[in-house]
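Colleague: Dropping in start.txt, which is compact mmCIF, C-alpha atoms:
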# COMPACT_ATOMS: atom_id res chain seq x y z
CA ARG K 1 11.72 -7.64 -20.50
CA LYS K 2 9.42 -8.73 -17.70
CA GLU K 3 8.66 -12.41 -17.35
CA VAL K 4 4.95 -11.70 -17.21
CA GLU K 5 3.10 -8.68 -18.53
CA GLN K 6 -0.43 -7.91 -17.55
CA ASP K 7 -2.68 -4.94 -18.19
CA PRO K 8 -3.27 -3.41 -14.75
CA GLY K 9 -6.61 -1.94 -15.76
CA PRO K 10 -8.70 -0.89 -14.00
CA PHE K 11 -11.61 -2.52 -15.73
CA ASN K 12 -14.96 -1.11 -14.67
CA VAL K 13 -17.83 -3.11 -16.13
CA PRO K 14 -21.57 -3.26 -15.47
CA GLU K 15 -23.15 -6.32 -13.92
CA GLY K 16 -23.83 -8.98 -16.49
CA ALA K 17 -21.05 -7.88 -18.81
CA THR K 18 -18.40 -10.13 -20.26
CA VAL K 19 -14.82 -9.13 -19.59
CA ALA K 20 -11.54 -10.62 -20.73
CA PHE K 21 -8.01 -10.28 -19.41
CA ASN K 22 -4.82 -11.19 -21.18
CA CYS K 23 -1.42 -11.92 -19.86
CA THR K 24 1.74 -12.42 -21.92
CA TYR K 25 4.83 -14.30 -20.86
CA SER K 26 8.35 -14.22 -22.18
CA ASN K 27 9.71 -17.68 -21.45
CA SER K 28 8.57 -20.13 -24.09
CA ALA K 29 9.58 -23.03 -21.84
CA SER K 30 6.86 -22.17 -19.34
CA GLN K 31 4.79 -25.20 -18.47
CA SER K 32 2.30 -24.24 -15.80
CA PHE K 33 -0.12 -21.36 -15.83
CA PHE K 34 -2.63 -20.17 -13.29
CA TRP K 35 -5.10 -17.42 -12.62
CA TYR K 36 -5.38 -16.21 -9.04
CA ARG K 37 -7.82 -13.79 -7.52
CA GLN K 38 -6.81 -11.39 -4.80
CA ASP K 39 -9.21 -9.32 -2.78
CA CYS K 40 -8.04 -6.15 -1.12
CA ARG K 41 -5.64 -6.82 1.74
CA LYS K 42 -6.10 -10.56 1.42
CA GLU K 43 -3.94 -13.36 0.13
CA PRO K 44 -4.28 -14.61 -3.47
CA LYS K 45 -6.56 -17.57 -3.98
CA LEU K 46 -6.39 -19.91 -6.91
CA LEU K 47 -9.15 -19.27 -9.40
CA MET K 48 -8.17 -21.84 -11.97
CA SER K 49 -5.27 -23.54 -13.63
CA VAL K 50 -4.86 -23.03 -17.35
CA TYR K 51 -4.60 -26.13 -19.50
CA SER K 52 -3.32 -26.36 -23.05
CA SER K 53 -6.74 -27.26 -24.38
CA GLY K 54 -8.44 -24.45 -22.53
CA ASN K 55 -10.75 -25.01 -19.62
CA GLU K 56 -13.98 -23.68 -18.27
CA ASP K 57 -15.36 -23.43 -14.77
CA GLY K 58 -18.84 -22.00 -14.68
CA ARG K 59 -18.66 -18.41 -15.84
CA PHE K 60 -14.88 -18.48 -16.11
CA THR K 61 -12.92 -19.64 -19.15
CA ALA K 62 -9.15 -19.82 -19.31
CA GLN K 63 -7.17 -20.26 -22.48
CA LEU K 64 -3.54 -20.71 -23.38
CA ASN K 65 -1.95 -19.67 -26.65
CA ARG K 66 1.57 -21.07 -26.74
CA ALA K 67 2.36 -19.71 -30.18
CA SER K 68 1.71 -16.14 -29.09
CA GLN K 69 2.72 -16.81 -25.50
CA TYR K 70 -0.30 -15.51 -23.73
CA ILE K 71 -3.02 -16.72 -21.43
CA SER K 72 -6.46 -15.27 -21.10
CA LEU K 73 -9.30 -15.25 -18.64
CA LEU K 74 -12.87 -14.64 -19.72
CA ILE K 75 -15.57 -13.85 -17.20
CA ARG K 76 -19.15 -14.04 -18.41
CA ASP K 77 -22.21 -12.56 -16.73
CA SER K 78 -20.11 -10.53 -14.29
CA LYS K 79 -21.29 -10.38 -10.69
CA LEU K 80 -20.58 -7.73 -8.11
CA SER K 81 -18.65 -10.35 -6.18
CA ASP K 82 -16.23 -10.72 -9.09
CA SER K 83 -14.70 -7.36 -8.17
CA ALA K 84 -11.09 -8.11 -7.28
CA THR K 85 -7.60 -8.13 -8.70
CA TYR K 86 -6.81 -11.01 -11.01
CA LEU K 87 -3.25 -12.23 -11.16
CA CYS K 88 -1.79 -14.43 -13.84
CA VAL K 89 0.99 -16.73 -12.79
CA VAL K 90 3.52 -18.41 -15.04
CA ASN K 91 5.88 -21.17 -14.07
CA PRO K 92 8.85 -21.68 -16.41
CA GLY K 93 10.10 -24.56 -14.36
CA ASN K 94 11.89 -23.46 -11.26
CA GLN K 95 10.14 -20.26 -10.32
CA PHE K 96 6.75 -18.69 -10.22
CA TYR K 97 6.24 -15.31 -11.81
CA PHE K 98 3.23 -13.16 -11.05
CA GLY K 99 1.74 -10.52 -13.26
CA THR K 100 1.06 -7.14 -11.71
CA GLY K 101 -2.61 -7.97 -11.55
CA THR K 102 -5.65 -6.59 -13.33
CA SER K 103 -8.16 -4.72 -11.24
CA LEU K 104 -11.80 -5.45 -11.97
CA THR K 105 -14.73 -3.53 -10.55
CA VAL K 106 -18.22 -4.71 -11.40
CA ILE K 107 -20.71 -1.88 -11.15
CA PRO K 108 -24.38 -2.36 -10.23
CA GLY I 1 -8.34 -28.72 1.37
CA ALA I 2 -4.90 -27.31 1.84
CA VAL I 3 -4.59 -24.73 4.57
CA VAL I 4 -1.63 -22.50 5.22
CA SER I 5 -1.43 -20.36 8.30
CA GLN I 6 0.78 -17.42 9.04
CA HIS I 7 1.64 -15.86 12.34
CA PRO I 8 1.49 -13.09 13.32
CA SER I 9 -1.09 -11.58 11.03
CA TRP I 10 -0.10 -8.07 11.99
CA VAL I 11 2.95 -6.64 13.70
CA ILE I 12 4.23 -3.19 14.51
CA CYS I 13 7.81 -2.83 15.64
CA LYS I 14 10.44 -0.21 16.22
CA SER I 15 13.19 0.40 13.74
CA GLY I 16 16.19 -1.82 14.39
CA THR I 17 14.32 -4.75 15.87
CA SER I 18 13.97 -8.17 14.29
CA VAL I 19 10.66 -9.75 13.42
CA LYS I 20 10.00 -13.43 12.85
CA ILE I 21 7.08 -14.59 10.73
CA GLU I 22 5.95 -18.20 10.74
CA CYS I 23 4.33 -20.04 7.88
CA ARG I 24 2.73 -23.42 8.49
CA SER I 25 1.02 -25.91 6.24
CA LEU I 26 -1.67 -27.33 8.48
CA ASP I 27 -2.99 -30.35 6.64
CA PHE I 28 -0.32 -31.28 4.16
CA GLN I 29 3.42 -31.58 3.82
CA ALA I 30 4.89 -28.75 1.84
CA THR I 31 7.80 -29.72 -0.34
CA THR I 32 8.45 -26.13 -1.20
CA MET I 33 7.54 -22.86 0.46
CA PHE I 34 7.73 -19.41 -1.02
CA TRP I 35 7.99 -15.99 0.54
CA TYR I 36 6.56 -12.91 -1.13
CA ARG I 37 6.19 -9.28 -0.27
CA GLN I 38 3.59 -6.95 -1.62
CA PHE I 39 3.58 -3.18 -1.47
CA PRO I 40 0.28 -1.31 -1.75
CA LYS I 41 -1.29 -1.52 -5.19
CA GLN I 42 1.58 -3.63 -6.48
CA SER I 43 1.84 -7.28 -7.35
CA LEU I 44 3.44 -10.00 -5.34
CA MET I 45 7.20 -10.03 -5.53
CA LEU I 46 8.89 -13.34 -4.89
CA MET I 47 11.61 -12.99 -2.30
CA ALA I 48 12.83 -16.54 -1.94
CA THR I 49 12.04 -20.17 -2.50
CA SER I 50 12.85 -22.71 0.15
CA ASN I 51 12.87 -26.47 0.25
CA GLU I 52 12.82 -28.35 3.50
CA GLY I 53 16.26 -28.99 4.87
CA SER I 54 18.17 -26.89 2.38
CA LYS I 55 19.16 -23.27 2.02
CA ALA I 56 16.67 -20.90 0.51
CA THR I 57 17.15 -19.56 -2.99
CA TYR I 58 16.84 -15.80 -2.94
CA GLU I 59 15.69 -13.62 -5.79
CA GLN I 60 18.01 -11.02 -7.18
CA GLY I 61 18.06 -7.93 -5.03
CA VAL I 62 16.84 -9.65 -1.88
CA GLU I 63 19.42 -9.55 0.90
CA LYS I 64 19.77 -12.99 2.39
CA ASP I 65 21.40 -11.63 5.54
CA LYS I 66 18.50 -9.31 6.11
CA PHE I 67 15.71 -11.75 5.34
CA LEU I 68 16.63 -14.99 7.04
CA ILE I 69 14.63 -18.00 5.97
CA ASN I 70 14.56 -21.28 7.81
CA HIS I 71 12.64 -24.27 6.51
CA ALA I 72 13.18 -26.75 9.28
CA SER I 73 10.35 -29.13 8.53
CA LEU I 74 7.84 -30.01 5.84
CA THR I 75 5.20 -27.97 7.61
CA LEU I 76 7.05 -24.92 8.87
CA SER I 77 9.07 -22.14 7.35
CA THR I 78 10.09 -18.93 9.05
CA LEU I 79 11.11 -15.55 7.72
CA THR I 80 13.05 -13.24 10.01
CA VAL I 81 13.36 -9.62 9.03
CA THR I 82 16.52 -8.53 10.81
CA SER I 83 17.12 -4.96 11.90
CA ALA I 84 13.87 -3.86 10.35
CA HIS I 85 13.54 -0.34 8.95
CA PRO I 86 10.50 1.63 7.82
CA GLU I 87 11.14 0.71 4.20
CA ASP I 88 10.66 -2.95 5.16
CA SER I 89 7.04 -2.20 6.01
CA SER I 90 5.02 -4.36 3.69
CA PHE I 91 2.61 -7.25 3.38
CA TYR I 92 4.55 -10.51 3.61
CA ILE I 93 2.83 -13.60 2.24
CA CYS I 94 4.01 -17.16 2.26
CA SER I 95 2.80 -19.98 0.11
CA ALA I 96 3.31 -23.70 0.12
CA SER I 97 3.29 -26.28 -2.59
CA LYS I 98 2.58 -29.98 -2.14
CA GLY I 99 4.54 -31.11 -5.11
CA GLY I 100 7.26 -28.61 -5.68
CA VAL I 101 7.60 -25.56 -7.89
CA GLY I 102 5.34 -26.56 -10.75
CA PHE I 103 2.31 -27.27 -8.63
CA GLU I 104 -0.43 -25.10 -7.25
CA GLN I 105 0.55 -22.83 -4.41
CA PHE I 106 -1.60 -22.35 -1.36
CA PHE I 107 -1.20 -18.98 0.24
CA GLY I 108 -1.13 -17.99 3.85
CA PRO I 109 -3.26 -15.05 4.96
CA GLY I 110 -0.26 -12.74 5.04
CA THR I 111 1.50 -10.70 7.69
CA ARG I 112 1.27 -6.96 7.65
CA LEU I 113 4.50 -5.49 9.01
CA THR I 114 4.75 -1.87 10.01
CA VAL I 115 8.13 -0.58 11.14
CA LEU I 116 8.06 2.72 12.97
Would it be possible to restate this file's structure as structure tokens?
Modeller:
Amino acid sequence: RKEVEQDPGPFNVPEGATVAFNCTYSNSASQSFFWYRQDCRKEPKLLMSVYSSGNEDGRFTAQLNRASQYISLLIRDSKLSDSATYLCVVNPGNQFYFGTGTSLTVIP
Amino acid sequence: GAVVSQHPSWVICKSGTSVKIECRSLDFQATTMFWYRQFPKQSLMLMATSNEGSKATYEQGVEKDKFLINHASLTLSTLTVTSAHPEDSSFYICSASKGGVGFEQFFGPGTRLTVL
């Protein structure tokens, strides 16, 4: 079983839509969780860390569900500039594991 | 901020040659550096984790004799692809962490390697 499973998409949504991505992880001992954004042919950039209580940064909300072992990312009021691949990252303690990434295209 | 540079950004080489890629943390000391490769339309695959002054820990399936990693200082790690072959063509990305494995990683801009 993969350490991290992520729906690759693609997600094609109209501007202004709300879109949510989920990512499941297999190691219950995982402590740190992140969402990264990667644009085509560029390096990943941290979008936000995911805290146990959930956290929000503008239009972006990240949540962690330890019982079901998944993290989620919600994007409200999608912008064209949100088009990218979103990677979830899980750290069970001594390694980082990346999901395969979810491709998002926001359509005018 | 935390800036990580990578050099070169793009390299083309003949099959059989060796290529060295440098990863530098410019404004912080990196306790741990990571090396990834990414094939088109695929996710990042961790190749190895290195801590300054010690041997790198390689992921299963990654040949340590082919991908030589040196982490000589807290700001520099190098990856040498030895005797490169066309199947080694990929996007190689390094990242650095200020506080070790459980902390945020800052990524370099990547090196695109093409082996002819």
Colleague: I:Phe107, I:Phe67, I:Tyr92, I:Phe34: which is nearest chain K, counting only C-alpha atoms?
Modeller: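 Between I:Phe107, I:Phe67, I:Tyr92, I:Phe34, the residue approaching chain K most closely is I:Phe107.
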Colleague: Do a neighbour search on Ser89 (chain I) at 10 Å with only C-alpha atoms, toss out local chain neighbours closer than 6 positions, and write the hits as a VMD selection string.
Modeller: chain I and resid 11 to 13 37 to 39 112 to 116
Colleague: Give me, as a JSON list (two decimals) with C-alpha atoms, keeping the file's coordinate frame, all polymer residues having an atom no more than 9 Å from Ser28 (chain K), counting only C-alpha atoms and skipping those fewer than 4 positions away in the same chain.
Modeller:
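Saved file result.json follows:
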[["chain", "number", "residue", "atom", "x", "y", "z"],
["K", 66, "ARG", "CA", 1.57, -21.07, -26.74],
["K", 67, "ALA", "CA", 2.36, -19.71, -30.18],
["K", 69, "GLN", "CA", 2.72, -16.81, -25.50],
["K", 92, "PRO", "CA", 8.85, -21.68, -16.41]]
Colleague: Skip Val81 (chain I) itself and residues of its chain fewer than 5 positions away, then list as a PyMOL selection string all residues within 10 Å of it, counting only C-alpha atoms.
Modeller: chain I and resi 16-21+64-69+88+113
Colleague: Write out as JSON lines a residue-level contact list of chain K versus chain I with cut-off 9 Å: for each qualifying residue the closest pair of atoms and the distance in Å to one decimal, counting all atoms listed in the file, rows sorted by chain and residue number upward.
Modeller:
{"residue": "K:Gln31", "atom": "CA", "partner": "I:Gly102", "partner_atom": "CA", "distance": 7.9}
{"residue": "K:Ser32", "atom": "CA", "partner": "I:Gly102", "partner_atom": "CA", "distance": 6.3}
{"residue": "K:Phe34", "atom": "CA", "partner": "I:Glu104", "partner_atom": "CA", "distance": 8.1}
{"residue": "K:Arg41", "atom": "CA", "partner": "I:Phe91", "partner_atom": "CA", "distance": 8.4}
{"residue": "K:Lys42", "atom": "CA", "partner": "I:Pro109", "partner_atom": "CA", "distance": 6.4}
{"residue": "K:Glu43", "atom": "CA", "partner": "I:Pro109", "partner_atom": "CA", "distance": 5.2}
{"residue": "K:Pro44", "atom": "CA", "partner": "I:Phe107", "partner_atom": "CA", "distance": 6.5}
{"residue": "K:Lys45", "atom": "CA", "partner": "I:Phe107", "partner_atom": "CA", "distance": 7.0}
{"residue": "K:Leu46", "atom": "CA", "partner": "I:Phe106", "partner_atom": "CA", "distance": 7.7}
{"residue": "K:Ser49", "atom": "CA", "partner": "I:Glu104", "partner_atom": "CA", "distance": 8.2}
{"residue": "K:Leu87", "atom": "CA", "partner": "I:Ser43", "partner_atom": "CA", "distance": 8.1}
{"residue": "K:Asn91", "atom": "CA", "partner": "I:Gly102", "partner_atom": "CA", "distance": 6.4}
{"residue": "K:Pro92", "atom": "CA", "partner": "I:Gly102", "partner_atom": "CA", "distance": 8.3}
{"residue": "K:Gly93", "atom": "CA", "partner": "I:Gly102", "partner_atom": "CA", "distance": 6.3}
{"residue": "K:Asn94", "atom": "CA", "partner": "I:Val101", "partner_atom": "CA", "distance": 5.8}
{"residue": "K:Gln95", "atom": "CA", "partner": "I:Val101", "partner_atom": "CA", "distance": 6.4}
{"residue": "K:Phe96", "atom": "CA", "partner": "I:Val101", "partner_atom": "CA", "distance": 7.3}
{"residue": "K:Tyr97", "atom": "CA", "partner": "I:Leu46", "partner_atom": "CA", "distance": 7.7}
{"residue": "K:Phe98", "atom": "CA", "partner": "I:Leu44", "partner_atom": "CA", "distance": 6.5}
{"residue": "K:Gly99", "atom": "CA", "partner": "I:Ser43", "partner_atom": "CA", "distance": 6.7}
{"residue": "K:Thr100", "atom": "CA", "partner": "I:Ser43", "partner_atom": "CA", "distance": 4.4}
{"residue": "K:Gly101", "atom": "CA", "partner": "I:Ser43", "partner_atom": "CA", "distance": 6.2}
Colleague: Give me, please, the distance in Å between CA of Ala17 (chain K) and CA of Ile75 (chain K), quoted to one decimal.
Modeller: 8.3 Å
Colleague: Within 12 Å of Gly58 (chain K), counting all atoms listed in the file, which residues qualify if same-chain residues fewer than 5 places away don't, as an MDAnalysis selection string?
Modeller: chainID K and resid 47:48 74:78
